[in-house]
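Coordinates as given in model.cif (mmCIF, C-alpha atoms):
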```cif
data_data
loop_
_atom_site.label_atom_id
_atom_site.label_comp_id
_atom_site.auth_asym_id
_atom_site.auth_seq_id
_atom_site.Cartn_x
_atom_site.Cartn_y
_atom_site.Cartn_z
CA MET A 1 209.27 32.25 269.80
CA PRO A 2 207.35 35.40 268.82
CA LYS A 3 203.61 35.82 269.29
CA ARG A 4 201.56 34.57 266.34
CA GLU A 5 199.28 36.75 264.24
CA ASN A 6 195.56 36.03 264.05
CA ILE A 7 195.16 33.96 267.18
CA SER A 8 191.73 32.31 267.13
CA MET A 9 189.01 33.60 269.46
CA SER A 10 188.68 30.16 271.03
CA VAL A 11 192.30 30.35 272.23
CA ILE A 12 191.79 33.90 273.44
CA ARG A 13 188.64 32.94 275.32
CA ARG A 14 190.63 30.33 277.25
CA LEU A 15 193.17 32.91 278.48
CA PRO A 16 190.94 34.34 281.25
CA ARG A 17 190.38 30.79 282.55
CA TYR A 18 194.13 30.12 282.60
CA TYR A 19 194.59 33.44 284.32
CA ARG A 20 192.00 32.72 287.02
CA PHE A 21 193.36 29.27 287.56
CA LEU A 22 196.98 30.36 287.79
CA SER A 23 196.01 33.16 290.19
CA GLU A 24 194.44 30.54 292.46
CA LEU A 25 197.54 28.33 292.26
CA ALA A 26 199.78 31.27 293.10
CA GLU A 27 197.54 32.15 296.07
CA GLN A 28 197.80 28.54 297.25
CA GLU A 29 201.58 28.89 296.99
CA THR A 30 201.88 26.32 294.20
CA TYR A 31 204.75 27.73 292.19
CA ARG A 32 205.25 25.08 289.53
CA ILE A 33 202.83 23.00 287.43
CA SER A 34 203.25 20.67 284.44
CA SER A 35 201.19 21.20 281.30
CA GLY A 36 199.64 17.77 282.02
CA GLU A 37 198.51 18.74 285.50
CA LEU A 38 197.30 22.17 284.37
CA ALA A 39 195.38 20.51 281.52
CA LYS A 40 193.81 17.92 283.81
CA ARG A 41 192.56 20.51 286.27
CA MET A 42 191.11 22.58 283.43
CA ASN A 43 189.53 19.71 281.49
CA LEU A 44 191.85 20.18 278.51
CA THR A 45 194.60 18.02 277.00
CA ALA A 46 198.28 18.74 277.69
CA SER A 47 198.86 19.19 273.98
CA GLN A 48 196.04 21.75 273.87
CA VAL A 49 197.63 23.72 276.71
CA ARG A 50 201.03 23.69 275.00
CA GLN A 51 199.49 24.73 271.67
CA ASP A 52 197.59 27.57 273.34
CA PHE A 53 200.71 28.92 275.01
CA ASN A 54 202.75 28.50 271.81
CA CYS A 55 200.42 31.03 270.17
CA PHE A 56 201.93 33.58 272.54
CA GLY A 57 205.50 32.40 272.21
CA GLY A 58 205.41 29.49 274.65
CA PHE A 59 206.12 29.93 278.35
CA GLY A 60 207.43 26.57 279.54
CA GLN A 61 210.80 24.94 279.73
CA GLN A 62 210.73 21.36 278.40
CA GLY A 63 210.60 18.98 281.36
CA PHE A 64 210.33 21.69 284.01
CA GLY A 65 206.69 22.66 283.68
CA TYR A 66 205.47 26.20 284.16
CA ASN A 67 206.33 28.73 286.81
CA THR A 68 202.79 29.67 287.91
CA VAL A 69 203.57 33.23 289.00
CA ALA A 70 205.60 34.04 285.87
CA LEU A 71 202.91 32.51 283.67
CA LYS A 72 200.13 34.41 285.47
CA ASN A 73 202.08 37.63 284.95
CA GLU A 74 202.62 36.87 281.26
CA ILE A 75 198.90 36.23 280.71
CA GLU A 76 198.02 39.35 282.71
CA GLN A 77 200.21 41.32 280.31
CA ILE A 78 198.70 39.63 277.23
CA LEU A 79 195.15 40.31 278.46
CA GLY A 80 196.04 43.98 278.91
CA LEU A 81 194.98 43.93 282.56
CA ARG A 82 197.79 46.22 283.71
CA SER A 83 196.43 49.46 282.36
CA LEU A 84 192.96 50.30 283.62
CA ARG A 85 190.46 51.53 281.05
CA SER A 86 187.56 53.69 282.08
CA ALA A 87 184.08 52.24 281.79
CA ILE A 88 180.59 53.61 282.29
CA LEU A 89 177.51 51.57 283.10
CA ILE A 90 174.28 52.35 281.26
CA GLY A 91 171.22 50.95 283.05
CA VAL A 92 171.12 50.39 286.80
CA GLY A 93 168.23 47.96 287.10
CA ASN A 94 168.77 44.54 288.70
CA LEU A 95 171.16 43.48 285.97
CA GLY A 96 173.23 46.67 286.07
CA LYS A 97 173.38 46.51 289.86
CA ALA A 98 174.43 42.86 289.73
CA VAL A 99 177.17 43.59 287.20
CA ALA A 100 178.45 46.59 289.17
CA ASN A 101 178.49 44.75 292.49
CA HIS A 102 179.56 41.33 291.25
CA ILE A 103 182.55 42.27 289.10
CA VAL A 104 185.90 43.38 290.50
CA PHE A 105 186.59 45.78 287.64
CA GLU A 106 190.12 46.76 288.71
CA ALA A 107 191.20 43.10 288.56
CA ARG A 108 189.78 42.77 285.06
CA GLY A 109 191.45 45.79 283.47
CA PHE A 110 188.78 48.42 284.02
CA ASN A 111 187.72 51.29 286.23
CA LEU A 112 184.00 51.92 286.63
CA VAL A 113 183.81 55.73 286.59
CA GLY A 114 180.10 56.40 286.07
CA ALA A 115 176.64 54.82 286.11
CA PHE A 116 173.69 56.26 284.20
CA GLU A 117 169.98 55.61 284.41
CA LYS A 118 166.76 57.05 283.00
CA SER A 119 164.47 56.08 285.92
CA GLN A 120 164.06 59.01 288.26
CA ASN A 121 163.75 56.73 291.31
CA LEU A 122 167.23 55.30 290.74
CA ILE A 123 169.06 58.53 289.97
CA GLY A 124 171.12 59.80 292.90
CA LYS A 125 171.22 56.40 294.64
CA PRO A 126 174.63 55.01 295.65
CA LEU A 127 176.18 52.21 293.61
CA LYS A 128 179.51 51.00 294.92
CA SER A 129 181.55 54.20 295.34
CA LEU A 130 179.45 56.07 292.76
CA LEU A 131 176.15 57.90 292.73
CA VAL A 132 173.84 56.95 289.87
CA LYS A 133 173.62 59.83 287.40
CA ASP A 134 170.82 61.03 285.15
CA TYR A 135 171.20 59.60 281.64
CA ASN A 136 170.52 63.10 280.32
CA GLY A 137 173.89 64.18 281.71
CA LEU A 138 175.78 61.55 279.69
CA GLU A 139 177.00 63.85 276.95
CA ALA A 140 178.36 66.46 279.37
CA PHE A 141 180.05 63.72 281.42
CA CYS A 142 181.73 62.21 278.35
CA SER A 143 182.88 65.58 277.04
CA GLU A 144 184.94 66.10 280.20
CA ARG A 145 186.91 62.83 280.15
CA VAL A 146 187.93 59.89 277.97
CA ILE A 147 185.59 56.94 278.30
CA ASP A 148 186.84 53.70 276.76
CA VAL A 149 183.96 51.33 277.30
CA ALA A 150 180.22 51.39 277.82
CA ILE A 151 178.51 48.55 279.66
CA LEU A 152 174.98 48.15 278.36
CA CYS A 153 172.52 46.74 280.88
CA ILE A 154 169.41 48.02 279.14
CA PRO A 155 166.54 46.35 277.28
CA GLU A 156 167.06 45.45 273.60
CA LYS A 157 164.52 48.04 272.46
CA GLU A 158 166.58 50.89 273.98
CA ALA A 159 169.97 49.57 272.89
CA GLU A 160 169.82 50.82 269.31
CA THR A 161 169.32 54.49 270.29
CA VAL A 162 171.69 54.32 273.26
CA SER A 163 174.53 52.64 271.34
CA ALA A 164 174.10 55.21 268.53
CA GLN A 165 174.45 58.03 271.05
CA LEU A 166 177.48 56.44 272.72
CA TYR A 167 179.12 55.78 269.35
CA SER A 168 178.59 59.42 268.33
CA LEU A 169 180.29 60.42 271.62
CA GLY A 170 183.34 58.43 270.51
CA ILE A 171 182.77 55.28 272.56
CA LYS A 172 183.50 52.30 270.33
CA CYS A 173 183.94 49.50 272.86
CA PHE A 174 180.93 47.82 274.41
CA TRP A 175 180.31 45.17 277.03
CA ASN A 176 176.84 44.35 275.89
CA PHE A 177 174.26 42.54 278.02
CA SER A 178 171.35 43.58 275.80
CA HIS A 179 170.30 41.36 272.91
CA TYR A 180 170.83 44.12 270.36
CA ASP A 181 173.54 43.34 267.79
CA ILE A 182 175.86 46.38 267.92
CA SER A 183 178.52 44.94 265.57
CA CYS A 184 175.99 44.67 262.78
CA LYS A 185 175.54 48.48 262.64
CA TYR A 186 179.09 49.44 263.72
CA PRO A 187 181.55 46.92 262.26
CA ASP A 188 184.52 48.86 263.68
CA ALA A 189 183.22 48.67 267.26
CA ILE A 190 184.76 46.17 269.69
CA VAL A 191 181.82 44.36 271.22
CA GLU A 192 181.81 41.62 273.80
CA ASN A 193 178.32 40.21 274.24
CA VAL A 194 177.03 38.42 277.32
CA HIS A 195 173.99 36.43 276.28
CA MET A 196 172.88 34.66 279.42
CA GLY A 197 169.90 33.17 277.58
CA ASP A 198 172.24 31.47 275.09
CA SER A 199 174.09 29.84 277.94
CA LEU A 200 170.79 28.55 279.34
CA MET A 201 169.78 27.14 275.95
CA THR A 202 173.15 25.39 275.72
CA LEU A 203 172.42 23.83 279.10
CA SER A 204 169.02 22.74 277.80
CA TYR A 205 170.73 21.08 274.82
CA ARG A 206 173.18 19.23 277.01
CA ILE A 207 170.48 17.96 279.40
CA PHE A 208 168.29 16.91 276.46
CA GLU A 209 171.19 15.14 274.72
CA ASN A 210 172.08 13.35 277.93
CA SER A 211 168.51 12.16 278.54
CA GLU A 212 168.25 10.93 274.92
CA LYS A 213 171.53 9.02 275.32
CA ASN A 214 170.30 7.42 278.54
CA LYS A 215 167.05 6.41 276.83
CA ASN A 216 168.97 4.68 274.02
CA SER A 217 171.53 2.92 276.19
CA MET B 1 171.33 12.89 256.45
CA PRO B 2 171.33 11.67 260.06
CA LYS B 3 172.62 13.74 262.96
CA ARG B 4 176.35 13.30 263.62
CA GLU B 5 177.81 11.94 266.81
CA ASN B 6 180.12 14.09 268.93
CA ILE B 7 179.20 17.50 267.64
CA SER B 8 181.75 20.03 268.88
CA MET B 9 180.78 22.46 271.63
CA SER B 10 181.62 25.41 269.37
CA VAL B 11 178.90 24.30 266.92
CA ILE B 12 176.47 23.71 269.77
CA ARG B 13 177.19 27.14 271.23
CA ARG B 14 176.21 28.74 267.92
CA LEU B 15 172.77 27.07 267.93
CA PRO B 16 171.17 29.49 270.42
CA ARG B 17 172.37 32.40 268.27
CA TYR B 18 170.83 30.83 265.15
CA TYR B 19 167.68 30.22 267.13
CA ARG B 20 167.42 33.82 268.36
CA PHE B 21 168.16 35.14 264.94
CA LEU B 22 165.65 32.91 263.15
CA SER B 23 163.01 33.77 265.76
CA GLU B 24 163.51 37.45 264.92
CA LEU B 25 163.28 36.77 261.18
CA ALA B 26 160.08 34.79 261.66
CA GLU B 27 158.63 37.63 263.77
CA GLN B 28 159.52 40.06 261.00
CA GLU B 29 157.66 37.75 258.58
CA THR B 30 160.82 36.86 256.63
CA TYR B 31 160.10 33.27 255.70
CA ARG B 32 163.11 32.39 253.54
CA ILE B 33 166.83 33.14 253.83
CA SER B 34 169.92 31.93 251.97
CA SER B 35 172.88 30.52 253.89
CA GLY B 36 174.88 33.47 252.51
CA GLU B 37 172.49 36.06 253.89
CA LEU B 38 172.11 34.23 257.22
CA ALA B 39 175.92 34.01 257.47
CA LYS B 40 176.41 37.68 256.66
CA ARG B 41 173.96 38.83 259.31
CA MET B 42 175.60 36.57 261.87
CA ASN B 43 179.22 37.40 261.00
CA LEU B 44 179.93 33.85 259.81
CA THR B 45 180.76 32.40 256.40
CA ALA B 46 178.11 30.65 254.30
CA SER B 47 180.20 27.48 254.31
CA GLN B 48 180.35 27.64 258.13
CA VAL B 49 176.55 27.89 258.33
CA ARG B 50 176.10 24.92 255.97
CA GLN B 51 178.68 22.88 257.89
CA ASP B 52 176.97 23.68 261.20
CA PHE B 53 173.57 22.60 259.91
CA ASN B 54 175.04 19.49 258.28
CA CYS B 55 176.04 18.31 261.75
CA PHE B 56 172.32 17.98 262.44
CA GLY B 57 171.42 16.45 259.11
CA GLY B 58 171.21 19.66 257.02
CA PHE B 59 168.03 21.68 256.73
CA GLY B 60 168.28 23.47 253.38
CA GLN B 61 167.32 22.64 249.85
CA GLN B 62 170.13 23.43 247.39
CA GLY B 63 169.33 26.76 245.69
CA PHE B 64 166.21 27.47 247.74
CA GLY B 65 167.74 28.66 250.98
CA TYR B 66 166.20 27.94 254.35
CA ASN B 67 162.60 28.17 255.46
CA THR B 68 163.07 30.32 258.57
CA VAL B 69 160.10 28.98 260.53
CA ALA B 70 160.89 25.33 259.78
CA LEU B 71 164.55 25.89 260.65
CA LYS B 72 163.67 27.70 263.89
CA ASN B 73 161.41 24.77 264.83
CA GLU B 74 164.15 22.25 264.03
CA ILE B 75 166.67 24.08 266.20
CA GLU B 76 164.09 24.46 268.98
CA GLN B 77 163.69 20.69 268.91
CA ILE B 78 167.49 20.09 268.86
CA LEU B 79 168.00 22.46 271.80
CA GLY B 80 165.38 20.56 273.78
CA LEU B 81 163.33 23.73 274.35
CA ARG B 82 159.98 21.99 273.98
CA SER B 83 159.93 20.17 277.28
CA LEU B 84 160.30 22.45 280.27
CA ARG B 85 162.70 21.34 282.97
CA SER B 86 162.28 22.52 286.52
CA ALA B 87 164.91 24.80 287.96
CA ILE B 88 165.57 26.32 291.35
CA LEU B 89 167.55 29.45 292.06
CA ILE B 90 170.02 29.45 294.93
CA GLY B 91 170.97 32.95 296.05
CA VAL B 92 168.67 35.94 295.60
CA GLY B 93 171.15 38.82 295.89
CA ASN B 94 171.49 41.32 293.04
CA LEU B 95 172.80 38.66 290.69
CA GLY B 96 170.07 36.12 291.50
CA LYS B 97 167.40 38.80 291.15
CA ALA B 98 168.87 39.94 287.83
CA VAL B 99 168.94 36.37 286.50
CA ALA B 100 165.38 35.67 287.67
CA ASN B 101 163.97 38.89 286.23
CA HIS B 102 166.07 39.10 283.08
CA ILE B 103 165.66 35.58 281.73
CA VAL B 104 162.45 34.30 280.10
CA PHE B 105 162.90 30.78 281.42
CA GLU B 106 159.93 29.24 279.59
CA ALA B 107 161.38 30.34 276.24
CA ARG B 108 164.72 28.75 277.12
CA GLY B 109 163.45 25.30 278.13
CA PHE B 110 163.03 25.80 281.87
CA ASN B 111 160.51 26.53 284.57
CA LEU B 112 161.71 28.42 287.63
CA VAL B 113 159.87 26.68 290.47
CA GLY B 114 161.71 27.90 293.57
CA ALA B 115 164.17 30.47 294.88
CA PHE B 116 166.22 29.96 298.03
CA GLU B 117 168.22 32.32 300.19
CA LYS B 118 170.05 32.29 303.51
CA SER B 119 169.62 36.01 304.33
CA GLN B 120 166.64 36.48 306.63
CA ASN B 121 165.83 39.90 305.14
CA LEU B 122 165.27 38.38 301.68
CA ILE B 123 163.25 35.34 302.73
CA GLY B 124 159.52 35.76 302.10
CA LYS B 125 160.00 38.55 299.56
CA PRO B 126 158.35 38.19 296.12
CA LEU B 127 160.48 37.28 293.11
CA LYS B 128 158.54 37.09 289.86
CA SER B 129 155.61 34.79 290.70
CA LEU B 130 157.48 33.14 293.59
CA LEU B 131 158.17 33.94 297.22
CA VAL B 132 161.81 33.56 298.24
CA LYS B 133 162.17 30.53 300.52
CA ASP B 134 164.50 29.81 303.41
CA TYR B 135 167.53 27.82 302.24
CA ASN B 136 166.99 25.54 305.24
CA GLY B 137 163.81 24.28 303.59
CA LEU B 138 165.66 23.14 300.46
CA GLU B 139 165.82 19.46 301.33
CA ALA B 140 162.10 19.22 302.15
CA PHE B 141 161.24 21.10 298.95
CA CYS B 142 163.37 18.79 296.78
CA SER B 143 161.99 15.65 298.42
CA GLU B 144 158.50 16.56 297.23
CA ARG B 145 159.24 17.09 293.52
CA VAL B 146 161.80 16.43 290.80
CA ILE B 147 164.23 19.30 290.33
CA ASP B 148 166.36 19.11 287.21
CA VAL B 149 168.62 22.13 287.53
CA ALA B 150 170.05 24.40 290.19
CA ILE B 151 171.05 27.95 289.31
CA LEU B 152 173.89 29.04 291.57
CA CYS B 153 174.04 32.78 292.20
CA ILE B 154 176.13 32.53 295.35
CA PRO B 155 179.70 33.50 296.24
CA GLU B 156 182.50 31.06 295.36
CA LYS B 157 183.22 30.29 299.03
CA GLU B 158 179.66 28.95 299.54
CA ALA B 159 179.46 27.08 296.27
CA GLU B 160 181.40 24.00 297.36
CA THR B 161 179.06 23.18 300.29
CA VAL B 162 175.90 24.15 298.41
CA SER B 163 176.74 22.14 295.28
CA ALA B 164 177.61 19.14 297.49
CA GLN B 165 174.20 19.37 299.17
CA LEU B 166 172.37 19.76 295.85
CA TYR B 167 174.29 16.85 294.35
CA SER B 168 173.39 14.67 297.33
CA LEU B 169 169.73 15.62 296.75
CA GLY B 170 170.05 14.22 293.22
CA ILE B 171 170.51 17.49 291.32
CA LYS B 172 173.25 16.96 288.76
CA CYS B 173 172.71 19.87 286.40
CA PHE B 174 173.94 23.34 287.26
CA TRP B 175 173.76 26.77 285.74
CA ASN B 176 176.68 28.16 287.62
CA PHE B 177 177.37 31.87 288.09
CA SER B 178 179.82 31.29 290.94
CA HIS B 179 183.52 30.83 290.19
CA TYR B 180 183.63 27.44 291.87
CA ASP B 181 184.52 24.59 289.48
CA ILE B 182 181.73 22.03 290.02
CA SER B 183 182.83 19.69 287.18
CA CYS B 184 186.16 19.14 288.87
CA LYS B 185 184.53 17.43 291.87
CA TYR B 186 181.52 15.91 290.04
CA PRO B 187 182.65 14.83 286.57
CA ASP B 188 179.20 13.37 285.81
CA ALA B 189 177.42 16.67 286.47
CA ILE B 190 176.25 18.79 283.55
CA VAL B 191 177.53 22.27 284.29
CA GLU B 192 177.13 25.42 282.26
CA ASN B 193 179.26 28.21 283.70
CA VAL B 194 178.64 31.92 283.25
CA HIS B 195 181.87 33.71 284.01
CA MET B 196 181.12 37.36 283.44
CA GLY B 197 184.64 38.31 284.53
CA ASP B 198 186.12 36.15 281.76
CA SER B 199 184.05 37.99 279.21
CA LEU B 200 185.33 41.30 280.56
CA MET B 201 188.95 40.10 280.40
CA THR B 202 188.37 39.03 276.78
CA LEU B 203 187.15 42.56 276.09
CA SER B 204 190.29 43.91 277.75
CA TYR B 205 192.42 41.71 275.48
CA ARG B 206 190.62 42.89 272.35
CA ILE B 207 190.92 46.59 273.29
CA PHE B 208 194.61 46.12 274.17
CA GLU B 209 195.32 44.24 270.92
CA ASN B 210 193.56 46.93 268.93
CA SER B 211 195.49 49.77 270.57
CA GLU B 212 198.79 47.93 270.01
CA LYS B 213 197.89 47.45 266.33
CA ASN B 214 197.04 51.14 265.96
CA LYS B 215 200.36 52.06 267.58
CA ASN B 216 202.28 49.90 265.10
CA SER B 217 200.40 50.97 261.98
#
```

Is it possible to give me this structure as structure tokens?
Amino acid sequence: MPKRENISMSVIRRLPRYYRFLSELAEQETYRISSGELAKRMNLTASQVRQDFNCFGGFGQQGFGYNTVALKNEIEQILGLRSLRSAILIGVGNLGKAVANHIVFEARGFNLVGAFEKSQNLIGKPLKSLLVKDYNGLEAFCSERVIDVAILCIPEKEAETVSAQLYSLGIKCFWNFSHYDISCKYPDAIVENVHMGDSLMTLSYRIFENSEKNKNS
Amino acid sequence: MPKRENISMSVIRRLPRYYRFLSELAEQETYRISSGELAKRMNLTASQVRQDFNCFGGFGQQGFGYNTVALKNEIEQILGLRSLRSAILIGVGNLGKAVANHIVFEARGFNLVGAFEKSQNLIGKPLKSLLVKDYNGLEAFCSERVIDVAILCIPEKEAETVSAQLYSLGIKCFWNFSHYDISCKYPDAIVENVHMGDSLMTLSYRIFENSEKNKNS
């Protein structure tokens, strides 16, 4: 079965979870799993799992379940994790530091090749295998190599100017932790937003809903 | 129209975005907006916006658009942001510090009342208006007050033991930054996961897809 066109973002957003989960199974030397078992462990239905995989051509053999290693490799390929893209970090405050230290970039399809900061007291400090560079050197840095992605760990009020500069330097992919809406100004940019505050509000909703339900029952 | 039962998580996850966006409009003194305009600015369709709001009883008046302040207040109420729940932070490394400093808890329905850490060199240090406490004092701390939520900024390998201890202390709501799957062991817990790595893999997929498309066109 060929891969479908226009796969929905909700299917795509489940792929990293499948990938993480299958990587764990492979590490635990579990080499075969049924769609039912996979679904159960991931809080999905078996039909959902089969539908998701059918979007990419289907990976299972009826009655035999999935080969975890083969499936992990397929998803790795689909996610584009095999070729590393170069990324730079803009903003090395607590959030930037956390992102740089917390994320294993190479396992997620990226190479962190530079980190830039405006604060003089952070410039020159080590960050992983890098030294934090002066933001003023950004243009020169980018003119010497191809940068695929910028990671924005800066306040919303700086994000408009910074994203404009990055865009003019040819960077059109953003991993955006600021609250500034880059897509609005640059519809052709590929932007993945991380809005931690939205996640916290969703938690608030779920706790509130649950307490209301308990009140009424 | 009354609120519907079983509203899908994808609708719920859009509410914080509506809320942020309406808050901005209200700040900019824009007091009325059509579903079409709201949709356009949020990269949704007008019908999607109307459907979303209909899940909660609908807020607009046909032909008049939405009153931004009233709508913001409605969504604030739905998200449960008006009553602050108490939260504790477990793990004050870079990630914990970033979360504590980056998030305006009070605006998201929570009060951060304690921060706990195992590393001796972090204990006693200031974090926002708090002093980081010794993780060993967690039980005593929780026995003296009601804690609604634990924020886990700890490595996956510690998360199993820590979540078990928190659960036994009566904490059943988690904002989870670790990769450990809490829901799997405690199906009655309310867990909101922040998987930054998944977001990065989604970005990888989108960049890869885009480059494949450009190759073929």

Output as CSV one row per residue of chain A within 6 Å of chain B: the closest atom pair and its distance in Å to one decimal place, counting only C-alpha atoms, sorted by chain and residue number ascending.
```
residue,atom,partner,partner_atom,distance
A:Pro16,CA,B:Asp198,CA,5.2
A:Leu79,CA,B:Tyr205,CA,4.3
A:Gly80,CA,B:Phe208,CA,5.4
A:Asn94,CA,B:Ala98,CA,4.7
A:Leu95,CA,B:Ala98,CA,4.6
A:Ala98,CA,B:Leu95,CA,4.6
A:Arg108,CA,B:Met201,CA,5.4
A:Glu192,CA,B:Leu203,CA,5.9
A:Asp198,CA,B:Pro16,CA,5.2
A:Met201,CA,B:Arg108,CA,5.4
A:Leu203,CA,B:Glu192,CA,5.9
A:Ser204,CA,B:Gly80,CA,5.8
A:Tyr205,CA,B:Leu79,CA,4.3
A:Phe208,CA,B:Gly80,CA,5.4
```

Closest of B:Asn6, B:Asn121, B:Ser34, B:Asn176 to Asn67 (chain B) - atom-to-atom distances counting all atoms listed in the file: B:Ser34

Chain and number of each residue from the PyMOL selection byres ((chain B and resi 130-145) around 9), as a compact mmCIF listing (two decimals) with C-alpha atoms, keeping the file's coordinate frame:
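expr-v3.txt, written as the output of this step:
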```txt
# COMPACT_ATOMS: atom_id res chain seq x y z
CA ILE B 90 170.02 29.45 294.93
CA GLY B 91 170.97 32.95 296.05
CA VAL B 92 168.67 35.94 295.60
CA LEU B 112 161.71 28.42 287.63
CA VAL B 113 159.87 26.68 290.47
CA GLY B 114 161.71 27.90 293.57
CA ALA B 115 164.17 30.47 294.88
CA PHE B 116 166.22 29.96 298.03
CA GLU B 117 168.22 32.32 300.19
CA LYS B 118 170.05 32.29 303.51
CA SER B 119 169.62 36.01 304.33
CA GLN B 120 166.64 36.48 306.63
CA LEU B 122 165.27 38.38 301.68
CA ILE B 123 163.25 35.34 302.73
CA GLY B 124 159.52 35.76 302.10
CA LYS B 125 160.00 38.55 299.56
CA PRO B 126 158.35 38.19 296.12
CA LEU B 127 160.48 37.28 293.11
CA LYS B 128 158.54 37.09 289.86
CA SER B 129 155.61 34.79 290.70
CA VAL B 146 161.80 16.43 290.80
CA ILE B 147 164.23 19.30 290.33
CA GLN B 165 174.20 19.37 299.17
CA LEU B 166 172.37 19.76 295.85
CA LEU B 169 169.73 15.62 296.75
CA GLY B 170 170.05 14.22 293.22
```

Close residues, Phe64 (chain A) itself excluded, 10 Å, all atoms listed in the file, min 5 positions apart in chain, as a list in words: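 Counting only the stated atoms, we get Arg32, Ile33, Ser34 and Ser35 of chain A.
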
Length of the CA of Ala150 (chain B) to CA of Tyr186 (chain B) vector [Å]: 14.3 Å

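Here CA of Lys72 (chain B) and CA of Leu89 (chain B) stand 28.5 Å from one another.
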
Expected answer as a PyMOL selection string: all residues with atoms within 12 Å of (176.7, 23.5, 258.4), all atoms listed in the file: chain B and resi 3-4+7+11-12+14-15+18+35-36+38-39+44-60

Distance of CA of Ser8 (chain B) from CA of Ser163 (chain B), expressed in Å to one decimal place: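 The value is 27.0 Å.
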